[in-house]
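What's in protein_1.pdb: PDB, C-alpha atoms
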ATOM      1  CA  MET A   1     -55.003  25.326  15.275  1.00  0.00           C
ATOM      2  CA  GLY A   2     -55.684  27.494  18.302  1.00  0.00           C
ATOM      3  CA  ILE A   3     -54.036  30.748  19.338  1.00  0.00           C
ATOM      4  CA  SER A   4     -51.822  29.005  21.912  1.00  0.00           C
ATOM      5  CA  ALA A   5     -50.579  26.530  19.305  1.00  0.00           C
ATOM      6  CA  LEU A   6     -49.816  29.372  16.877  1.00  0.00           C
ATOM      7  CA  MET A   7     -47.889  31.305  19.534  1.00  0.00           C
ATOM      8  CA  ASP A   8     -45.953  28.172  20.509  1.00  0.00           C
ATOM      9  CA  ALA A   9     -45.111  27.553  16.833  1.00  0.00           C
ATOM     10  CA  LEU A  10     -43.935  31.153  16.396  1.00  0.00           C
ATOM     11  CA  LEU A  11     -41.761  31.047  19.512  1.00  0.00           C
ATOM     12  CA  THR A  12     -40.260  27.687  18.504  1.00  0.00           C
ATOM     13  CA  ALA A  13     -39.512  28.850  14.949  1.00  0.00           C
ATOM     14  CA  ALA A  14     -37.922  32.066  16.212  1.00  0.00           C
ATOM     15  CA  ASP A  15     -35.818  30.142  18.724  1.00  0.00           C
ATOM     16  CA  VAL A  16     -34.602  27.715  16.026  1.00  0.00           C
ATOM     17  CA  ALA A  17     -33.696  30.741  13.857  1.00  0.00           C
ATOM     18  CA  HIS A  18     -31.614  32.151  16.756  1.00  0.00           C
ATOM     19  CA  VAL A  19     -33.816  35.215  17.176  1.00  0.00           C
ATOM     20  CA  PRO A  20     -32.825  36.635  20.564  1.00  0.00           C
ATOM     21  CA  LEU A  21     -36.028  38.421  21.513  1.00  0.00           C
ATOM     22  CA  ILE A  22     -39.659  38.733  20.424  1.00  0.00           C
ATOM     23  CA  LEU A  23     -41.391  42.078  21.010  1.00  0.00           C
ATOM     24  CA  LEU A  24     -45.089  42.840  20.846  1.00  0.00           C
ATOM     25  CA  LEU A  25     -47.664  45.394  21.889  1.00  0.00           C
ATOM     26  CA  GLY A  26     -50.609  43.832  23.669  1.00  0.00           C
ATOM     27  CA  SER A  27     -52.357  42.931  26.889  1.00  0.00           C
ATOM     28  CA  PRO A  28     -49.893  41.998  29.664  1.00  0.00           C
ATOM     29  CA  GLN A  29     -52.585  39.850  31.287  1.00  0.00           C
ATOM     30  CA  TYR A  30     -52.987  37.821  28.097  1.00  0.00           C
ATOM     31  CA  TYR A  31     -49.408  37.519  26.829  1.00  0.00           C
ATOM     32  CA  SER A  32     -47.762  36.818  30.191  1.00  0.00           C
ATOM     33  CA  ARG A  33     -48.969  33.207  29.833  1.00  0.00           C
ATOM     34  CA  PHE A  34     -46.523  32.876  26.926  1.00  0.00           C
ATOM     35  CA  GLY A  35     -43.607  34.219  28.953  1.00  0.00           C
ATOM     36  CA  PHE A  36     -43.827  37.839  27.847  1.00  0.00           C
ATOM     37  CA  ARG A  37     -43.060  40.607  30.329  1.00  0.00           C
ATOM     38  CA  PRO A  38     -42.609  44.380  30.105  1.00  0.00           C
ATOM     39  CA  ALA A  39     -39.793  44.978  27.614  1.00  0.00           C
ATOM     40  CA  GLU A  40     -38.210  47.604  29.843  1.00  0.00           C
ATOM     41  CA  GLN A  41     -37.389  44.808  32.316  1.00  0.00           C
ATOM     42  CA  LEU A  42     -35.041  43.509  29.609  1.00  0.00           C
ATOM     43  CA  GLY A  43     -33.643  46.955  28.793  1.00  0.00           C
ATOM     44  CA  VAL A  44     -35.695  47.595  25.664  1.00  0.00           C
ATOM     45  CA  SER A  45     -37.546  50.897  25.802  1.00  0.00           C
ATOM     46  CA  PRO A  46     -40.641  51.515  23.657  1.00  0.00           C
ATOM     47  CA  PRO A  47     -40.761  54.084  20.849  1.00  0.00           C
ATOM     48  CA  GLU A  48     -43.808  55.634  22.567  1.00  0.00           C
ATOM     49  CA  ALA A  49     -43.526  56.219  26.327  1.00  0.00           C
ATOM     50  CA  GLY A  50     -47.277  55.796  26.729  1.00  0.00           C
ATOM     51  CA  TRP A  51     -47.110  52.131  25.738  1.00  0.00           C
ATOM     52  CA  GLY A  52     -45.915  51.222  29.234  1.00  0.00           C
ATOM     53  CA  ASP A  53     -46.281  47.560  30.207  1.00  0.00           C
ATOM     54  CA  ALA A  54     -48.172  46.783  26.971  1.00  0.00           C
ATOM     55  CA  PHE A  55     -44.807  46.880  25.144  1.00  0.00           C
ATOM     56  CA  GLN A  56     -43.614  43.370  25.978  1.00  0.00           C
ATOM     57  CA  ALA A  57     -40.703  41.088  25.295  1.00  0.00           C
ATOM     58  CA  ARG A  58     -39.992  37.381  25.428  1.00  0.00           C
ATOM     59  CA  PRO A  59     -36.323  36.419  25.559  1.00  0.00           C
ATOM     60  CA  LEU A  60     -35.336  33.284  23.661  1.00  0.00           C
ATOM     61  CA  THR A  61     -32.275  31.028  23.891  1.00  0.00           C
ATOM     62  CA  ALA A  62     -30.061  33.413  21.860  1.00  0.00           C
ATOM     63  CA  TYR A  63     -30.917  36.375  24.109  1.00  0.00           C
ATOM     64  CA  THR A  64     -28.079  38.378  25.616  1.00  0.00           C
ATOM     65  CA  SER A  65     -28.182  41.743  27.320  1.00  0.00           C
ATOM     66  CA  LEU A  66     -26.436  43.168  24.235  1.00  0.00           C
ATOM     67  CA  VAL A  67     -29.865  43.545  22.590  1.00  0.00           C
ATOM     68  CA  ALA A  68     -30.975  45.908  25.364  1.00  0.00           C
ATOM     69  CA  ARG A  69     -31.517  49.360  23.822  1.00  0.00           C
ATOM     70  CA  PRO A  70     -34.318  51.640  22.697  1.00  0.00           C
ATOM     71  CA  PHE A  71     -36.578  49.949  20.154  1.00  0.00           C
ATOM     72  CA  GLN A  72     -36.215  51.105  16.550  1.00  0.00           C
ATOM     73  CA  TYR A  73     -38.453  50.225  13.644  1.00  0.00           C
ATOM     74  CA  ALA A  74     -36.763  48.699  10.606  1.00  0.00           C
ATOM     75  CA  PRO A  75     -36.323  51.440   7.960  1.00  0.00           C
ATOM     76  CA  ALA A  76     -39.177  50.045   5.839  1.00  0.00           C
ATOM     77  CA  PHE A  77     -41.562  50.469   8.794  1.00  0.00           C
ATOM     78  CA  SER A  78     -40.300  53.724  10.293  1.00  0.00           C
ATOM     79  CA  PRO A  79     -43.112  56.154  10.974  1.00  0.00           C
TER
END
Give the structure from the file, written as C-alpha cells.
Amino acid sequence: MGISALMDALLTAADVAHVPLILLLGSPQYYSRFGFRPAEQLGVSPPEAGWGDAFQARPLTAYTSLVARPFQYAPAFSP
C-alpha cells in the first residue's frame, strides 16, 4: 500500500468516526495534495509560532468553526 492509499484510508476512517479536523506538521507542498492547508486559515493556531504554514489542517465532514481555537496537546502528550 502506498503513502497516498494510507492517507486516504486515514482520512476516510477519521471521517467515518466523525472526527472534525486532522492536524499535522509537515511540508505544505506535499500535504496540500491531500486537502491540507495552513491550520490558521481554519482558526487553529499552532503551539509554536515558528511552525507557520507547516502546521496544517484538513477539515472533514463533521467540521464546524466551533473547533477553531489554539491547539492544545492532550494531557498525556503535553510538553
Spell out the residues picked by the PyMOL selection byres ((chain A and resi 26) around 8) here, as an MDAnalysis selection string.
-> chainID A and resid 24:25 27:28 30:31 54:56
Could you write out as a ChimeraX atom specification the residues that the PyMOL selection byres ((chain A and resi 34-51) around 8) matches in the shown file?
-> /A:7-8,23,25,28,31-33,52-59,65,67-72
Find the spatial neighbours of Tyr63 in chain A, counting only C-alpha atoms, within a cut-off of 9 Å - ignore same-chain residues fewer than 5 positions away - and output them as an MDAnalysis selection string.
-> chainID A and resid 18:21
Calculate how many Å separate CA of Ala17 in chain A from CA of Ala62 in chain A, rounding to one decimal.
-> 9.2 Å
Could you jot down the CA of Phe77 in chain A to CA of Ile22 in chain A separation for me, Å, one decimal place?
-> 16.6 Å
